[in-house]
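Trainee: Let me give you the structure first, and then I'll get to my questions.
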Amino acid sequence: MHKMTQPKLYNRANKLWIKFTLNGELVRKSLNLDNTKANTKLANTQIIPQMILKISSGEFFENENVKQVPTIDEFAEVSFKLHEHHRKLSTLDRISSNYKKHILPHFKGKEITKVKPSDISLWQNTLLKKNLSPKRVKDIRTVLSVIFEDALHDEIIMHNPVRRATQLPRQDSPIIIPFSLDEIKKILEHAQGQFKNFFAVAFFTGMRTGEIIGLKWEDINFDTMELSVNRTIGKGIISTPKTRDSKRTIEILTVLRPYIKEQFKLSGSKNSYVFLNRNDTHFFDSNKIRSYSWKDTLLKANVDYRTVYNTRHTFASMMISQGEDILWVSFMLGHTNTEMTLRKYAKYIKNDKKKRAVFLNNF
């Protein structure tokens with residue numbers, strides 16, 4: 001004998017659904033009917049009575065193709081396959097790493113319909129207690145949220161519990177401390193071999209570290225003194241640049257040209273990547289640059305440590321503070337628009353105390 005509560009009709013996304021409990025378990029089911037008066041009458045007078053009759057007789061369990069509710073780890077595999085063709089390899093690698101390290105150990109084997117917002121809140125609290133930053137936890141939580149969104153679209157769940165979980169604490173933006181011109185000179189004076197040229201490219205183009213690692217000699221035009229950013233490399237994975245606008249052709253500034261020419265003497269004959277490791281191939285990622293030379297160079301130059309990526313911030317702040325056109329700076333950086341550039345670097349715009357709107361003085 002099956003214990004069942006009276007099914008109730010409700011509307012979801014203009015479709016009729018029913019919900020009831022069966023042997024203590026909550027059941028939600030789409031009737032695949034539009035929410036109209038005629039369909040509501042049909043459901044109440046025919047569909048629901050027939051369902052109750054079939055459940056009472058046991059016929060419902062014999063004929064109904066009832067699917068088992070998937071666990072989070074089972075449906076995660078479906079979700080990953082749904083998105084694998086439009087995600088970059090580097091993105092797939094990052095998502096997989098976050099999932100295996102921070103999501104799977106906590107939610108493995110748990111039915112996807114039984115995860116509550118409080119479960120999400122408690123889980124993200126455990127990540128914060130591991131000294132992961134709120135931004136890092138947000139990135140991990142996004143991976144889980146997409147899995148639930150896909151389950152929502154497949155009508156496996158009614159709500160995405162991640163959306164209803166406790167908001168993460170706000171994190172202040174990290175303070176950017178650009179290198180001064182004097183510090184740039186010291187770094188380039190103390191850098192050895194090709195790393196001197198690598199750091200010069202970083203300081204005088206604003207390119208991302210992965211973009212510099214992915215730079216090939218075929219990307220450099222010595223006639224027009226331009227270089228094209230066509231790829232990026234991170235964790236050994238060759239991929240397209242970060243965004244559509246990151247794929248760009250930028251000018252080689254006069255100050256940078258001697259370093260490019262010097263690097264050509266070192267690796268130009270290889271007709272391959274501009275910067276090569278000991279095996280005559282590209283570097284694995286920026287961590288290798290840091291471990292091979294960056295930290296040691298800063299130590300020898302007596303310059304306070306900042307990440308290699310700070311060279312990009314230095315280029316932007318240096319150019320903006322010297323009055324260079326914000327459109328040009330934004331393009332050099334590969335930003336989608338100037339709003340993105342200004343949001344991060346507006347404080348470096350020089351304030352020359354000029355009196356504003358003087359043309360209105362005699363109005």
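By convention here, the chains of the structure tokens are called A, B, ... in the order presented, each chain's residues are numbered starting at 1, and ligands are numbered starting at 1 in the order presented.
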Set the distance at 9 Å and use only C-alpha atoms: which residues neighbour range 137-145 of chain A once local chain neighbours fewer than 4 positions away are removed? I'd like the list as a ChimeraX atom specification.

Mentor: /A:76,95-96,98-99,102-103,120,124,127-128,132-133,149-150,160-163,168

Trainee: Please identify which residues in range 193-356 of chain A DSSP calls strand (DSSP E or B) from the backbone, and express them as a list in words.

Mentor: Lys216, Ile220, Asn221, Glu226, Leu227, Ser228, Val229, Thr232, Ile233, Gly234, Ile237, Ile238, Ser239, Arg248, Thr249, Ile250, Glu251 and Tyr273 of chain A

Trainee: Residues near Ile289 in chain A, anyone? I mean within 12 Å using only C-alpha atoms, not counting same-chain ones fewer than 6 positions away, as a list in words.

Mentor: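 Once the nearby chain positions are removed, what remains is Ala191, Gln194, Phe195, Lys196, Phe198, Phe199, Ala202, Thr209, Gly210, Ile212, Ile213, Gly234, Phe275, Leu276, Asn277, His282, Phe283, Lys295, Asp296, Thr297, Thr307, Val308 and Tyr309 of chain A.
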
Trainee: So that I can see what lies close to range 6-9 of chain A, please list as JSON, numbers by chain the residues with an atom at most 7 Å from it, counting only C-alpha atoms and leaving out residues fewer than 6 positions away in the same chain.

Mentor: {"A": [16, 17, 18, 19, 20]}

Trainee: Could those selected residues go to a file with C-alpha atoms, as an mmCIF file, in the first residue's frame?

Mentor:
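After the write, result.cif holds the following:
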```
data_model
loop_
_atom_site.group_PDB
_atom_site.id
_atom_site.type_symbol
_atom_site.label_atom_id
_atom_site.label_comp_id
_atom_site.auth_asym_id
_atom_site.auth_seq_id
_atom_site.Cartn_x
_atom_site.Cartn_y
_atom_site.Cartn_z
ATOM 1 C CA LEU A 16 1.556 22.925 -15.552
ATOM 2 C CA TRP A 17 3.304 20.882 -12.884
ATOM 3 C CA ILE A 18 2.034 18.679 -10.082
ATOM 4 C CA LYS A 19 3.580 17.908 -6.733
ATOM 5 C CA PHE A 20 2.743 15.325 -4.107
#
```

Trainee: Can you tell me, as a PyMOL selection string, what residues are no more than 10 Å from Gly206 in chain A when counting only C-alpha atoms, ignoring any on the same chain fewer than 6 positions away?

Mentor: chain A and resi 200+212+309-316+319+329-330+332-334

Trainee: Enter the distance from CA of Ser228 in chain A to CA of Lys247 in chain A, in Å, rounded to one decimal.

Mentor: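 A separation of 7.5 Å between them.
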
Trainee: If I take CA of Ile157 in chain A and CA of Pro105 in chain A, how far is one from the other in Å, to one decimal?

Mentor: 21.6 Å

Trainee: Return the single residue from A:Lys265, A:Ser272, A:Arg231, A:Val201 that is closest to Leu253 in chain A, with distances computed using only C-alpha atoms.

Mentor: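 Nearest to Leu253 in chain A: A:Val201.
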
Trainee: Do you have the CA of Arg164 in chain A-CA of Thr113 in chain A distance handy?

Mentor: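 So the two atoms, CA of Arg164 in chain A and CA of Thr113 in chain A, lie 14.4 Å apart.
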
Trainee: Which polymer residues have any atom within 12 Å of an atom of Arg244 in chain A, counting only C-alpha atoms, with same-chain residues fewer than 3 positions away left out, as a list in words?

Mentor: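 Residues meeting the cut-off are Val229, Asn230, Arg231, Thr240, Pro241, Lys247, Arg248, Phe331, Gly334, His335, Thr336 and Asn337 of chain A.
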
Trainee: Keeping only all heavy atoms, write the selected residues to a file as an mmCIF file, in the first residue's frame.

Mentor:
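Result file is out_16.cif:
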```cif
data_model
loop_
_atom_site.group_PDB
_atom_site.id
_atom_site.type_symbol
_atom_site.label_atom_id
_atom_site.label_comp_id
_atom_site.auth_asym_id
_atom_site.auth_seq_id
_atom_site.Cartn_x
_atom_site.Cartn_y
_atom_site.Cartn_z
ATOM 1 N N VAL A 229 48.970 39.385 -31.177
ATOM 2 C CA VAL A 229 48.672 38.492 -30.048
ATOM 3 C C VAL A 229 47.636 37.494 -30.537
ATOM 4 O O VAL A 229 46.460 37.830 -30.700
ATOM 5 C CB VAL A 229 48.136 39.287 -28.834
ATOM 6 C CG1 VAL A 229 47.852 38.340 -27.671
ATOM 7 C CG2 VAL A 229 49.134 40.364 -28.425
ATOM 8 N N ASN A 230 48.067 36.268 -30.794
ATOM 9 C CA ASN A 230 47.198 35.254 -31.394
ATOM 10 C C ASN A 230 46.899 34.082 -30.480
ATOM 11 O O ASN A 230 45.989 33.299 -30.761
ATOM 12 C CB ASN A 230 47.832 34.709 -32.675
ATOM 13 C CG ASN A 230 47.878 35.756 -33.772
ATOM 14 O OD1 ASN A 230 46.926 36.499 -33.968
ATOM 15 N ND2 ASN A 230 49.002 35.827 -34.478
ATOM 16 N N ARG A 231 47.670 33.940 -29.398
ATOM 17 C CA ARG A 231 47.467 32.771 -28.524
ATOM 18 C C ARG A 231 47.971 33.079 -27.125
ATOM 19 O O ARG A 231 48.688 34.049 -26.902
ATOM 20 C CB ARG A 231 48.191 31.548 -29.113
ATOM 21 C CG ARG A 231 49.689 31.614 -29.071
ATOM 22 C CD ARG A 231 50.352 30.588 -29.962
ATOM 23 N NE ARG A 231 50.121 30.855 -31.370
ATOM 24 C CZ ARG A 231 50.750 31.798 -32.058
ATOM 25 N NH1 ARG A 231 51.660 32.580 -31.455
ATOM 26 N NH2 ARG A 231 50.515 31.995 -33.326
ATOM 27 N N THR A 240 43.351 30.207 -27.344
ATOM 28 C CA THR A 240 43.143 31.557 -27.872
ATOM 29 C C THR A 240 43.258 32.552 -26.719
ATOM 30 O O THR A 240 43.093 32.180 -25.552
ATOM 31 C CB THR A 240 41.764 31.677 -28.528
ATOM 32 O OG1 THR A 240 40.760 31.274 -27.588
ATOM 33 C CG2 THR A 240 41.678 30.794 -29.760
ATOM 34 N N PRO A 241 43.519 33.824 -27.013
ATOM 35 C CA PRO A 241 43.608 34.821 -25.946
ATOM 36 C C PRO A 241 42.329 34.882 -25.105
ATOM 37 O O PRO A 241 41.287 34.348 -25.494
ATOM 38 C CB PRO A 241 43.859 36.121 -26.701
ATOM 39 C CG PRO A 241 44.542 35.683 -27.955
ATOM 40 C CD PRO A 241 43.884 34.384 -28.320
ATOM 41 N N LYS A 247 42.644 39.305 -28.836
ATOM 42 C CA LYS A 247 43.374 38.974 -30.060
ATOM 43 C C LYS A 247 43.563 40.271 -30.827
ATOM 44 O O LYS A 247 42.604 40.835 -31.375
ATOM 45 C CB LYS A 247 42.589 37.960 -30.887
ATOM 46 C CG LYS A 247 43.394 37.345 -32.021
ATOM 47 C CD LYS A 247 42.650 36.181 -32.662
ATOM 48 C CE LYS A 247 43.517 35.515 -33.732
ATOM 49 N NZ LYS A 247 42.834 34.367 -34.363
ATOM 50 N N ARG A 248 44.789 40.763 -30.868
ATOM 51 C CA ARG A 248 45.034 42.118 -31.363
ATOM 52 C C ARG A 248 46.419 42.246 -31.980
ATOM 53 O O ARG A 248 47.283 41.391 -31.749
ATOM 54 C CB ARG A 248 44.914 43.110 -30.195
ATOM 55 C CG ARG A 248 45.921 42.828 -29.057
ATOM 56 C CD ARG A 248 45.414 43.383 -27.723
ATOM 57 N NE ARG A 248 46.432 43.293 -26.654
ATOM 58 C CZ ARG A 248 46.616 42.207 -25.916
ATOM 59 N NH1 ARG A 248 45.904 41.109 -26.123
ATOM 60 N NH2 ARG A 248 47.531 42.220 -24.953
ATOM 61 N N PHE A 331 43.360 49.445 -25.962
ATOM 62 C CA PHE A 331 43.606 48.540 -27.081
ATOM 63 C C PHE A 331 44.888 47.733 -26.854
ATOM 64 O O PHE A 331 44.924 46.527 -27.120
ATOM 65 C CB PHE A 331 43.717 49.330 -28.385
ATOM 66 C CG PHE A 331 43.993 48.460 -29.582
ATOM 67 C CD1 PHE A 331 42.983 47.729 -30.171
ATOM 68 C CD2 PHE A 331 45.278 48.351 -30.105
ATOM 69 C CE1 PHE A 331 43.231 46.909 -31.264
ATOM 70 C CE2 PHE A 331 45.545 47.536 -31.191
ATOM 71 C CZ PHE A 331 44.517 46.811 -31.773
ATOM 72 N N GLY A 334 44.214 44.972 -24.625
ATOM 73 C CA GLY A 334 43.259 43.974 -25.103
ATOM 74 C C GLY A 334 41.972 43.980 -24.319
ATOM 75 O O GLY A 334 41.260 42.970 -24.259
ATOM 76 N N HIS A 335 41.647 45.137 -23.704
ATOM 77 C CA HIS A 335 40.389 45.252 -22.971
ATOM 78 C C HIS A 335 39.220 45.374 -23.942
ATOM 79 O O HIS A 335 39.365 45.894 -25.053
ATOM 80 C CB HIS A 335 40.417 46.476 -22.054
ATOM 81 C CG HIS A 335 41.213 46.254 -20.798
ATOM 82 N ND1 HIS A 335 41.540 47.270 -19.926
ATOM 83 C CD2 HIS A 335 41.725 45.116 -20.258
ATOM 84 C CE1 HIS A 335 42.225 46.779 -18.907
ATOM 85 N NE2 HIS A 335 42.356 45.476 -19.096
ATOM 86 N N THR A 336 38.056 44.931 -23.505
ATOM 87 C CA THR A 336 36.865 44.984 -24.344
ATOM 88 C C THR A 336 36.442 46.419 -24.623
ATOM 89 O O THR A 336 35.974 46.746 -25.718
ATOM 90 C CB THR A 336 35.705 44.228 -23.669
ATOM 91 O OG1 THR A 336 36.118 42.874 -23.427
ATOM 92 C CG2 THR A 336 34.467 44.213 -24.548
ATOM 93 N N ASN A 337 36.600 47.288 -23.621
ATOM 94 C CA ASN A 337 36.239 48.691 -23.786
ATOM 95 C C ASN A 337 37.035 49.546 -22.807
ATOM 96 O O ASN A 337 37.704 49.033 -21.905
ATOM 97 C CB ASN A 337 34.732 48.905 -23.591
ATOM 98 C CG ASN A 337 34.235 48.275 -22.300
ATOM 99 O OD1 ASN A 337 34.794 48.504 -21.226
ATOM 100 N ND2 ASN A 337 33.183 47.480 -22.390
#
```

Trainee: Which is closer to Ile175 in chain A than all the others in A:Val27, A:Arg306, A:Asp34, A:Thr232, using only C-alpha atoms?

Mentor: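 Looking only at the distances to Ile175 in chain A, the closest residue turns out to be A:Arg306.
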
Trainee: Tell me, as number ranges by chain, which residues lie within 10 Å of Gly193 in chain A, counting only C-alpha atoms; anything in the same chain fewer than 3 positions away does not count.

Mentor: A: 190, 196-198, 262-263, 266, 293

Trainee: Using N, CA and C atoms, can you write the selected residues to a file as a CSV table (one decimal), in the first residue's frame?

Mentor:
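See selection14.csv below for the written result:
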```csv
chain,number,residue,atom,x,y,z
A,190,HIS,N,69.5,43.9,-14.1
A,190,HIS,CA,69.9,42.7,-13.4
A,190,HIS,C,69.4,41.4,-14.0
A,196,LYS,N,65.8,39.1,-19.7
A,196,LYS,CA,65.8,40.6,-19.8
A,196,LYS,C,64.8,41.1,-20.9
A,197,ASN,N,64.9,40.3,-22.0
A,197,ASN,CA,64.0,40.7,-23.2
A,197,ASN,C,62.5,40.4,-22.8
A,198,PHE,N,62.3,39.3,-22.1
A,198,PHE,CA,61.0,38.9,-21.7
A,198,PHE,C,60.3,39.9,-20.9
A,262,GLU,N,67.5,41.9,-30.0
A,262,GLU,CA,68.5,41.1,-29.2
A,262,GLU,C,67.9,39.6,-29.0
A,263,GLN,N,66.6,39.5,-28.8
A,263,GLN,CA,66.0,38.2,-28.6
A,263,GLN,C,66.0,37.4,-29.9
A,266,LEU,N,69.0,35.4,-30.2
A,266,LEU,CA,69.0,34.2,-29.4
A,266,LEU,C,68.1,33.1,-29.9
A,293,SER,N,63.6,33.0,-13.1
A,293,SER,CA,64.3,34.2,-13.1
A,293,SER,C,63.7,35.4,-12.3
```
